[in-house]
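Colleague: Just one file: my_file21.txt, with compact mmCIF, C-alpha atoms and all ligand atoms.
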```
# COMPACT_ATOMS: atom_id res chain seq x y z
CA MET A 1 0.00 0.00 0.00
CA LEU A 2 1.20 3.49 -0.75
CA ARG A 3 -0.24 6.51 0.95
CA TYR A 4 1.09 9.83 -0.07
CA SER A 5 -0.46 13.16 0.40
CA LEU A 6 1.15 16.29 -0.92
CA ASN A 7 0.35 19.76 0.22
CA ALA A 8 -0.52 21.08 -3.21
CA ALA A 9 -0.51 19.96 -6.80
CA SER A 10 2.95 20.87 -8.03
CA SER A 11 5.43 19.90 -10.65
CA CYS A 12 7.11 17.79 -7.98
CA SER A 13 3.92 15.93 -7.18
CA THR A 14 3.47 15.32 -10.87
CA ARG A 15 6.93 13.80 -11.03
CA TRP A 16 6.15 11.47 -8.07
CA GLN A 17 2.85 10.56 -9.64
CA ALA A 18 4.66 9.75 -12.86
CA LEU A 19 7.11 7.55 -10.98
CA LEU A 20 4.37 5.75 -9.12
CA ASN A 21 2.30 5.25 -12.23
CA SER A 22 5.28 4.07 -14.23
CA THR A 23 6.03 0.45 -15.03
CA ALA A 24 4.65 -2.10 -12.63
CA ALA A 25 8.17 -3.37 -11.98
CA THR A 26 9.35 0.08 -10.87
CA ARG A 27 6.33 0.61 -8.69
CA ASP A 28 6.52 -2.84 -7.13
CA ASP A 29 10.22 -2.46 -6.46
CA PHE A 30 9.52 0.87 -4.84
CA LEU A 31 6.76 -0.48 -2.63
CA ARG A 32 8.19 -3.91 -1.85
CA GLY A 33 8.36 -4.81 1.81
CA TYR A 34 6.67 -1.99 3.68
CA THR A 35 4.33 0.91 3.52
CA VAL A 36 5.76 4.18 2.32
CA VAL A 37 4.27 7.42 3.53
CA MET A 38 5.19 10.69 1.89
CA MET A 39 3.49 13.53 3.67
CA SER A 40 5.90 16.29 2.74
CA PHE A 41 9.01 16.73 0.66
CA LEU A 42 11.10 17.13 3.81
CA PRO A 43 10.36 14.39 6.31
CA LYS A 44 12.26 14.09 9.58
CA ILE A 45 14.94 11.41 9.39
CA THR A 46 15.95 8.55 11.66
CA GLY A 47 17.91 5.46 10.74
CA SER A 48 20.56 2.93 11.56
CA PHE A 49 24.33 2.67 11.14
CA SER A 50 25.80 -0.81 11.06
CA SER A 51 27.90 -3.22 9.00
CA PRO A 52 26.69 -5.52 7.59
CA ALA A 53 23.34 -3.75 7.38
CA ALA A 54 21.52 -5.59 4.60
CA ASP A 55 19.79 -8.19 6.80
CA ASN A 56 18.63 -5.75 9.48
CA PRO A 57 14.79 -5.74 9.39
CA THR A 58 14.36 -2.74 11.74
CA VAL A 59 13.64 -0.41 8.82
CA ALA A 60 10.47 -2.38 8.03
CA VAL A 61 9.31 -2.18 11.65
CA MET A 62 9.98 1.54 12.06
CA GLU A 63 8.53 2.67 8.74
CA ALA A 64 5.36 0.65 9.36
CA GLY A 65 5.08 2.18 12.86
CA TYR A 66 5.54 5.74 11.57
CA ALA A 67 3.10 5.17 8.71
CA ALA A 68 0.40 3.82 11.01
CA ARG A 69 0.62 7.01 13.10
CA ASN A 70 0.78 9.27 10.01
CA LEU A 71 4.15 10.61 11.14
CA ASP A 72 6.17 12.45 8.51
CA ILE A 73 9.34 10.58 9.50
CA ARG A 74 11.54 8.12 7.62
CA TYR A 75 13.99 5.43 8.82
CA ILE A 76 17.01 4.79 6.63
CA ASN A 77 19.13 1.67 7.01
CA CYS A 78 22.77 2.63 6.30
CA GLU A 79 25.83 0.45 5.71
CA VAL A 80 28.56 2.25 7.68
CA ALA A 81 32.07 0.80 7.93
CA PRO A 82 33.91 1.33 11.23
CA GLU A 83 36.33 3.87 9.70
CA ARG A 84 33.37 5.95 8.38
CA LEU A 85 31.43 6.12 11.66
CA ALA A 86 32.63 9.66 12.46
CA ASP A 87 31.60 10.85 8.98
CA ALA A 88 28.18 9.22 9.33
CA VAL A 89 27.63 10.89 12.72
CA SER A 90 28.65 14.31 11.32
CA GLY A 91 26.30 13.75 8.39
CA ALA A 92 23.37 12.92 10.65
CA ILE A 93 23.98 16.09 12.69
CA ALA A 94 24.40 18.20 9.54
CA MET A 95 21.16 16.88 8.04
CA GLY A 96 19.14 17.41 11.22
CA TRP A 97 18.37 13.73 11.89
CA LEU A 98 16.26 13.09 15.00
CA GLY A 99 18.61 10.27 15.91
CA PHE A 100 19.82 6.85 14.87
CA ASN A 101 20.37 3.29 16.00
CA CYS A 102 23.79 1.77 15.92
CA SER A 103 24.30 -1.92 15.72
CA LEU A 104 27.37 -4.12 15.32
CA PRO A 105 30.24 -3.14 15.13
CA HIS A 106 29.53 0.39 16.44
CA LYS A 107 27.79 -0.14 19.79
CA GLU A 108 30.87 0.64 21.89
CA ARG A 109 32.89 2.85 19.52
CA ILE A 110 29.98 5.28 19.10
CA ILE A 111 30.49 6.37 22.71
CA ASP A 112 33.57 8.41 21.67
CA HIS A 113 31.29 10.57 19.49
CA LEU A 114 28.62 11.33 22.11
CA ASP A 115 28.07 14.26 24.49
CA GLU A 116 26.11 12.33 27.11
CA LEU A 117 25.18 8.77 28.13
CA SER A 118 21.99 7.63 29.86
CA PRO A 119 22.43 5.80 33.19
CA SER A 120 21.64 2.40 31.66
CA ALA A 121 23.92 2.94 28.64
CA THR A 122 26.66 3.85 31.13
CA LEU A 123 26.07 0.65 33.11
CA ILE A 124 25.82 -1.51 29.99
CA GLY A 125 28.86 0.15 28.42
CA ALA A 126 27.26 0.14 24.96
CA VAL A 127 24.84 2.29 22.99
CA ASN A 128 22.27 1.16 20.44
CA THR A 129 20.28 4.40 20.17
CA VAL A 130 21.45 7.99 19.77
CA ILE A 131 19.14 10.97 20.22
CA ILE A 132 20.22 14.21 18.54
CA ASN A 133 18.94 17.16 20.49
CA GLU A 134 19.95 20.58 19.13
CA GLY A 135 23.25 19.17 17.95
CA ARG A 136 23.93 17.33 21.25
CA LEU A 137 24.24 13.56 21.02
CA ILE A 138 22.79 11.46 23.84
CA GLY A 139 23.47 7.72 23.93
CA GLU A 140 20.88 5.22 25.19
CA ASN A 141 20.75 1.45 25.26
CA THR A 142 17.25 0.15 24.56
CA ASP A 143 18.07 -3.55 23.97
CA GLY A 144 17.30 -4.47 27.59
CA GLN A 145 14.46 -1.94 27.85
CA GLY A 146 12.79 -3.67 24.88
CA PHE A 147 13.06 -6.97 26.75
CA VAL A 148 11.61 -5.53 29.96
CA GLU A 149 8.74 -3.83 28.06
CA ALA A 150 7.93 -7.16 26.39
CA LEU A 151 8.04 -8.92 29.78
CA ARG A 152 5.82 -6.48 31.71
CA PRO A 153 2.41 -7.56 30.32
CA VAL A 154 3.24 -11.15 31.31
CA SER A 155 5.14 -10.68 34.56
CA ASP A 156 6.35 -7.79 36.75
CA PRO A 157 10.17 -7.67 36.74
CA LEU A 158 10.02 -6.31 40.31
CA GLY A 159 11.21 -9.09 42.60
CA ALA A 160 12.00 -11.46 39.70
CA ARG A 161 14.54 -14.23 40.22
CA ALA A 162 16.10 -14.58 36.79
CA VAL A 163 18.54 -16.97 35.21
CA ILE A 164 20.21 -15.61 32.07
CA PHE A 165 22.09 -17.85 29.66
CA GLY A 166 24.83 -15.83 27.93
CA ALA A 167 27.12 -12.96 28.84
CA GLY A 168 27.40 -11.02 25.57
CA GLY A 169 25.82 -7.70 24.64
CA ALA A 170 22.20 -8.86 24.83
CA ALA A 171 22.71 -10.63 28.19
CA ARG A 172 24.46 -7.57 29.62
CA ALA A 173 21.66 -5.22 28.52
CA ILE A 174 18.95 -7.52 29.88
CA ALA A 175 20.74 -8.12 33.18
CA VAL A 176 21.23 -4.38 33.77
CA GLU A 177 17.64 -3.46 32.84
CA LEU A 178 16.15 -6.27 34.94
CA ALA A 179 18.26 -5.08 37.87
CA LEU A 180 17.17 -1.45 37.33
CA ALA A 181 13.53 -2.63 37.12
CA GLY A 182 13.85 -4.17 40.61
CA ALA A 183 14.71 -7.83 39.97
CA HIS A 184 15.59 -9.54 43.25
CA SER A 185 18.33 -11.79 41.90
CA ILE A 186 20.02 -12.73 38.64
CA VAL A 187 22.08 -15.81 37.89
CA ILE A 188 24.38 -15.59 34.86
CA VAL A 189 25.22 -18.89 33.15
CA ASN A 190 27.76 -18.70 30.32
CA ARG A 191 29.91 -21.03 28.24
CA SER A 192 33.05 -18.92 28.90
CA PRO A 193 33.26 -18.64 32.69
CA ALA A 194 35.52 -15.54 32.76
CA LYS A 195 33.01 -13.50 30.74
CA GLY A 196 30.10 -14.73 32.84
CA GLU A 197 31.87 -13.95 36.11
CA LYS A 198 32.79 -10.48 34.89
CA LEU A 199 29.18 -9.67 34.00
CA ALA A 200 27.86 -11.05 37.29
CA ASP A 201 30.41 -9.03 39.31
CA HIS A 202 29.56 -5.88 37.35
CA VAL A 203 25.79 -6.14 37.86
CA ASN A 204 26.23 -7.18 41.49
CA SER A 205 28.47 -4.22 42.32
CA GLN A 206 26.61 -1.57 40.27
CA THR A 207 22.95 -2.35 41.01
CA ASP A 208 20.76 -3.44 43.92
CA ALA A 209 20.13 -6.91 42.42
CA ASP A 210 21.94 -9.90 43.84
CA CYS A 211 23.84 -11.19 40.79
CA SER A 212 26.01 -14.30 40.69
CA PHE A 213 27.62 -16.66 38.17
CA LEU A 214 27.03 -20.39 37.79
CA ALA A 215 29.14 -22.62 35.55
CA TRP A 216 27.25 -24.09 32.57
CA THR A 217 27.46 -27.80 33.39
CA PRO A 218 25.96 -30.40 30.98
CA GLN A 219 22.16 -30.64 31.21
CA PHE A 220 22.18 -27.56 33.43
CA SER A 221 19.41 -27.55 36.01
CA VAL A 222 17.52 -24.24 36.32
CA PRO A 223 17.70 -23.14 40.01
CA ASP A 224 14.54 -24.08 41.96
CA ASP A 225 13.61 -20.56 42.96
CA SER A 226 13.82 -19.09 39.40
CA THR A 227 10.80 -17.17 38.10
CA LEU A 228 12.34 -16.24 34.74
CA ALA A 229 14.74 -18.13 32.43
CA ILE A 230 16.17 -16.31 29.40
CA ASN A 231 18.22 -17.49 26.46
CA ALA A 232 20.44 -14.47 25.71
CA THR A 233 22.93 -16.48 23.66
CA SER A 234 22.81 -16.68 19.89
CA LEU A 235 21.96 -20.42 20.09
CA GLY A 236 19.02 -21.28 17.84
CA PHE A 237 19.37 -18.39 15.39
CA TYR A 238 18.57 -19.26 11.76
CA PRO A 239 20.20 -21.10 9.95
CA ASP A 240 21.43 -22.86 13.12
CA HIS A 241 17.87 -23.24 14.36
CA GLN A 242 18.41 -26.93 15.25
CA GLU A 243 20.81 -25.87 18.02
CA THR A 244 19.50 -25.36 21.51
CA LEU A 245 20.59 -24.83 25.09
CA ASP A 246 22.15 -27.67 27.04
CA VAL A 247 19.56 -27.40 29.81
CA ASP A 248 17.48 -30.04 31.57
CA VAL A 249 14.03 -28.79 30.58
CA GLU A 250 12.49 -30.95 33.29
CA SER A 251 13.99 -28.49 35.76
CA LEU A 252 11.63 -25.78 34.39
CA ARG A 253 8.58 -25.48 36.65
CA PRO A 254 5.39 -24.53 34.72
CA ASP A 255 5.24 -21.16 36.50
CA VAL A 256 8.66 -20.08 35.20
CA ILE A 257 8.45 -17.48 32.39
CA VAL A 258 10.81 -18.61 29.62
CA ALA A 259 12.19 -16.11 27.11
CA ASP A 260 14.47 -16.06 24.09
CA VAL A 261 16.28 -13.13 22.47
CA VAL A 262 16.52 -14.93 19.13
CA PRO A 263 13.90 -13.40 16.80
CA ASN A 264 14.34 -15.75 13.85
CA PRO A 265 12.83 -18.29 14.09
CA PRO A 266 10.57 -16.85 16.80
CA GLU A 267 9.63 -20.24 18.23
CA THR A 268 13.08 -21.65 18.94
CA LEU A 269 13.62 -25.21 20.18
CA TRP A 270 14.23 -23.67 23.64
CA LEU A 271 10.79 -22.02 23.63
CA GLN A 272 9.14 -25.11 22.17
CA ALA A 273 10.57 -27.23 24.99
CA ALA A 274 9.47 -24.65 27.57
CA ALA A 275 5.95 -24.51 26.15
CA ALA A 276 5.79 -28.31 26.27
CA ALA A 277 6.77 -28.07 29.96
CA GLY A 278 3.74 -25.78 30.49
CA CYS A 279 5.69 -22.50 30.76
CA VAL A 280 4.55 -19.13 29.40
CA THR A 281 7.05 -18.12 26.69
CA LEU A 282 8.27 -14.81 25.26
CA ASN A 283 10.02 -14.75 21.90
CA GLY A 284 12.69 -12.41 20.51
CA ILE A 285 10.24 -10.63 18.21
CA GLY A 286 8.60 -8.99 21.22
CA MET A 287 11.97 -7.69 22.44
CA LEU A 288 12.84 -6.32 19.01
CA VAL A 289 9.49 -4.60 18.48
CA ASN A 290 9.44 -3.14 21.98
CA GLN A 291 12.95 -1.84 21.51
CA ALA A 292 11.77 -0.05 18.36
CA LEU A 293 8.83 1.30 20.35
CA VAL A 294 11.18 2.75 22.99
CA ASN A 295 13.45 4.22 20.27
CA ALA A 296 10.52 5.96 18.57
CA ARG A 297 9.41 7.43 21.91
CA LEU A 298 12.91 8.80 22.48
CA TRP A 299 13.12 10.34 19.00
CA THR A 300 9.55 11.56 18.51
CA GLY A 301 7.74 11.49 21.87
CA GLN A 302 5.11 9.31 20.17
CA THR A 303 3.99 5.79 21.06
CA LEU A 304 3.75 3.66 17.92
CA ASP A 305 1.37 0.77 17.31
CA THR A 306 3.09 -2.47 18.32
CA THR A 307 0.57 -4.66 16.50
CA VAL A 308 1.39 -2.99 13.19
CA MET A 309 5.12 -3.26 13.97
CA HIS A 310 4.81 -6.95 14.85
CA GLN A 311 3.03 -7.59 11.56
CA ALA A 312 5.67 -5.68 9.61
CA LEU A 313 8.47 -7.66 11.24
CA SER A 314 6.73 -10.98 10.64
CA LYS A 315 6.27 -10.02 7.00
CA ALA A 316 9.88 -8.88 6.65
CA LEU A 317 11.15 -12.15 8.18
CA GLN A 318 8.54 -14.14 6.23
CA ILE A 319 7.12 -15.60 9.41
CA SER A 320 3.48 -16.62 9.08
P1 LIG A 401 27.47 -11.69 21.59
O1 LIG A 401 28.34 -12.18 20.51
O2 LIG A 401 27.84 -10.45 22.34
O3 LIG A 401 27.25 -12.86 22.68
C1 LIG A 401 26.92 -14.17 22.27
C2 LIG A 401 26.63 -15.01 23.51
O4 LIG A 401 26.19 -16.29 23.05
C3 LIG A 401 27.86 -15.26 24.39
O5 LIG A 401 27.46 -15.33 25.71
C4 LIG A 401 28.33 -16.63 23.88
O6 LIG A 401 29.06 -17.34 24.85
C5 LIG A 401 27.02 -17.32 23.63
N1 LIG A 401 27.15 -18.43 22.70
C6 LIG A 401 27.36 -18.36 21.37
N2 LIG A 401 27.43 -19.60 20.85
C7 LIG A 401 27.24 -20.46 21.89
C8 LIG A 401 27.23 -21.88 21.99
N3 LIG A 401 27.39 -22.67 20.91
N4 LIG A 401 27.00 -22.43 23.21
C9 LIG A 401 26.82 -21.65 24.29
N5 LIG A 401 26.86 -20.29 24.26
C10 LIG A 401 27.07 -19.71 23.07
O7 LIG A 401 26.01 -11.51 20.93
P2 LIG A 401 24.80 -10.62 21.45
O8 LIG A 401 24.70 -10.76 22.93
O9 LIG A 401 24.89 -9.27 20.87
O10 LIG A 401 23.56 -11.34 20.76
C11 LIG A 401 23.10 -12.59 21.22
C12 LIG A 401 21.80 -12.92 20.51
O11 LIG A 401 20.81 -11.94 20.85
C13 LIG A 401 21.92 -12.87 18.99
O12 LIG A 401 21.22 -13.96 18.47
C14 LIG A 401 21.22 -11.57 18.62
O13 LIG A 401 20.66 -11.60 17.34
C15 LIG A 401 20.15 -11.51 19.68
N6 LIG A 401 19.64 -10.15 19.93
C16 LIG A 401 18.30 -9.99 19.85
C17 LIG A 401 17.76 -8.76 20.09
C18 LIG A 401 16.28 -8.59 19.99
O14 LIG A 401 15.80 -7.43 20.03
N7 LIG A 401 15.50 -9.66 19.89
C19 LIG A 401 18.58 -7.58 20.44
C20 LIG A 401 20.01 -7.88 20.54
C21 LIG A 401 20.50 -9.14 20.28
P3 LIG A 401 30.67 -17.11 25.04
O15 LIG A 401 30.79 -15.88 25.90
O16 LIG A 401 31.11 -18.34 25.69
O17 LIG A 401 31.24 -16.90 23.65
```
For this file, write the structure as structure tokens.

Modeller:
Amino acid sequence: MLRYSLNAASSCSTRWQALLNSTAATRDDFLRGYTVVMMSFLPKITGSFSSPAADNPTVAVMEAGYAARNLDIRYINCEVAPERLADAVSGAIAMGWLGFNCSLPHKERIIDHLDELSPSATLIGAVNTVIINEGRLIGENTDGQGFVEALRPVSDPLGARAVIFGAGGAARAIAVELALAGAHSIVIVNRSPAKGEKLADHVNSQTDADCSFLAWTPQFSVPDDSTLAINATSLGFYPDHQETLDVDVESLRPDVIVADVVPNPPETLWLQAAAAAGCVTLNGIGMLVNQALVNARLWTGQTLDTTVMHQALSKALQIS
């Protein structure tokens, strides 16, 4: 679907009309994937800097969310090599962008280019969202906030007793945000003990949550008092979707909420096993969409429609 409304009939609008009415191939190429809204000739701009960028579906989610709210804002997915990050940041400032996401490999290096860091980005030590406010750059990390937002309708993070598998960027963001949201305790379980211990020590010393490390032994048994068990490793991501966690799923009580950060496929083997054990499950799509929701709020002050964004992501990932 294309919706475009122009302020007045003009030679420019005639040119757009000509483009849109041109060959079916051109029009279909132009429209493929997501709704395009053109409400003025000078929309506000947001976007993403990463490398590689081609498989990042966030553009589909954001543009669908903006379109559904009739916001005159675009989201541009940009391939930015590490040595061009400074140029890309200068360009975004020069062009008056509202802000941008940064994904791998820029999440830590971007900090050198910022004027300010939010408390959670400081604790996480990485930034995935930059807000440009009158030329000042403020770094946020919304990875973990997206997880917590997705969790809230199912279970209050306040007082949660979580076990997190993994100690990379996603695990770190989730552990910090769960701690800031009032989790009682967090157990980090990771393949590489040194990384797991480091994350546990960091969260334990910097937040009020009681955070500890447990070695990942074969057929790991989820601690009895856990209320939340999260896969924050990359295990199960397509095309390695036949891989899963070495965990004794019989140790999952039915009242444990089980989550996965992997968005593709959404129903990983880990979540399938948890559902079979009677647990409520949360997939990685919810985290991704809610992260986009938080980003849009930071850039525009508006709350986008998560249903539309979910649908756009499912379509982009060809998930029925
Ligand atoms: P990192 O590379 O920073 O961390 C990867 C983690 O996975 C490490 O803890 C690593 O353990 C662990 N791991 C990898 N392979 C295995 C294995 N075979 N067995 C056990 N552990 C393993 O990645 P990120 O934290 O940035 O991302 C992790 C996942 O989260 C990715 O799939 C990513 O796509 C997803 N993600 C999803 C988001 C969403 O919105 N849904 C947002 C951000 C990330 P070790 O330390 O031992 O190497």

Colleague: Find the distance between atom C17 of ligand LIG 401 (chain A) and atom CA of Gly96 of chain A and write it in Å to one decimal.

Modeller: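 Going from atom C17 of ligand LIG 401 (chain A) over to atom CA of Gly96 of chain A, I get 27.7 Å.
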
Colleague: For a quick check of understanding, using only C-alpha atoms, which of A:Asp255, A:Asp87, A:Asp260, A:Glu243 has the smallest distance to Ala171 of chain A?

Modeller: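 Using only C-alpha atoms, the shortest distance to Ala171 of chain A belongs to A:Asp260.
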
Colleague: In Å, with one decimal, what is the gap from atom CA of Gly139 of chain A to atom CA of Glu116 of chain A?

Modeller: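 Going from atom CA of Gly139 of chain A over to atom CA of Glu116 of chain A, I get 6.2 Å.
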
Colleague: For ligand LIG 401 (chain A), collect every residue having any atom at a distance of at most 8 Å from a ligand atom (counting all atoms listed in the file); output as number ranges by chain.

Modeller: A: 104, 143-144, 146-147, 165-172, 190-193, 195-196, 232-237, 243, 245, 260-263, 283-291

Colleague: Mind pulling up the distance from atom CA of Met62 of chain A to atom CA of Leu85 of chain A?

Modeller: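 That distance, rounded to one decimal, is 21.9 Å.
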
Colleague: So, counting only C-alpha atoms, which residue among A:Met309, A:Leu252, A:Ala150, A:Val89 is closest to Trp270 of chain A?

Modeller: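 Result for the nearest residue to Trp270 of chain A: A:Leu252.
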
Colleague: Nearest to Leu199 of chain A: which of A:Leu151, A:Ala181, A:Val249, A:Ala173 is it, counting all atoms listed in the file?

Modeller: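 Of the candidates, the smallest distance to Leu199 of chain A is held by A:Ala173.
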
Colleague: Counting all atoms listed in the file, which residues sit no farther than 9 Å from the position (20.0, -8.4, 34.5) in the file's frame? I'd like them as number ranges by chain.

Modeller: A: 144, 162-164, 171-180, 183, 185-188, 200, 203, 209, 211

Colleague: Within 8 Å of Val280 of chain A, counting only C-alpha atoms, which residues show up once you throw out same-chain ones fewer than 6 positions away? Write them as a ChimeraX atom specification, please.

Modeller: /A:254-258,274

Colleague: When you count all atoms listed in the file, which of these residues is closest to Gly47 of chain A: A:Asp305, A:Pro218, A:Ala277, A:Ala292?

Modeller: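 Of A:Asp305, A:Pro218, A:Ala277, A:Ala292, the one nearest Gly47 of chain A is A:Ala292, counting all atoms listed in the file.
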
Colleague: From the set A:Ser40, A:Ser226, A:Ser221, A:Asn264, which residue has the shortest atom-to-atom contact distance to Asp246 of chain A, counting all atoms listed in the file?

Modeller: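 Smallest distance to Asp246 of chain A is found for A:Ser221.
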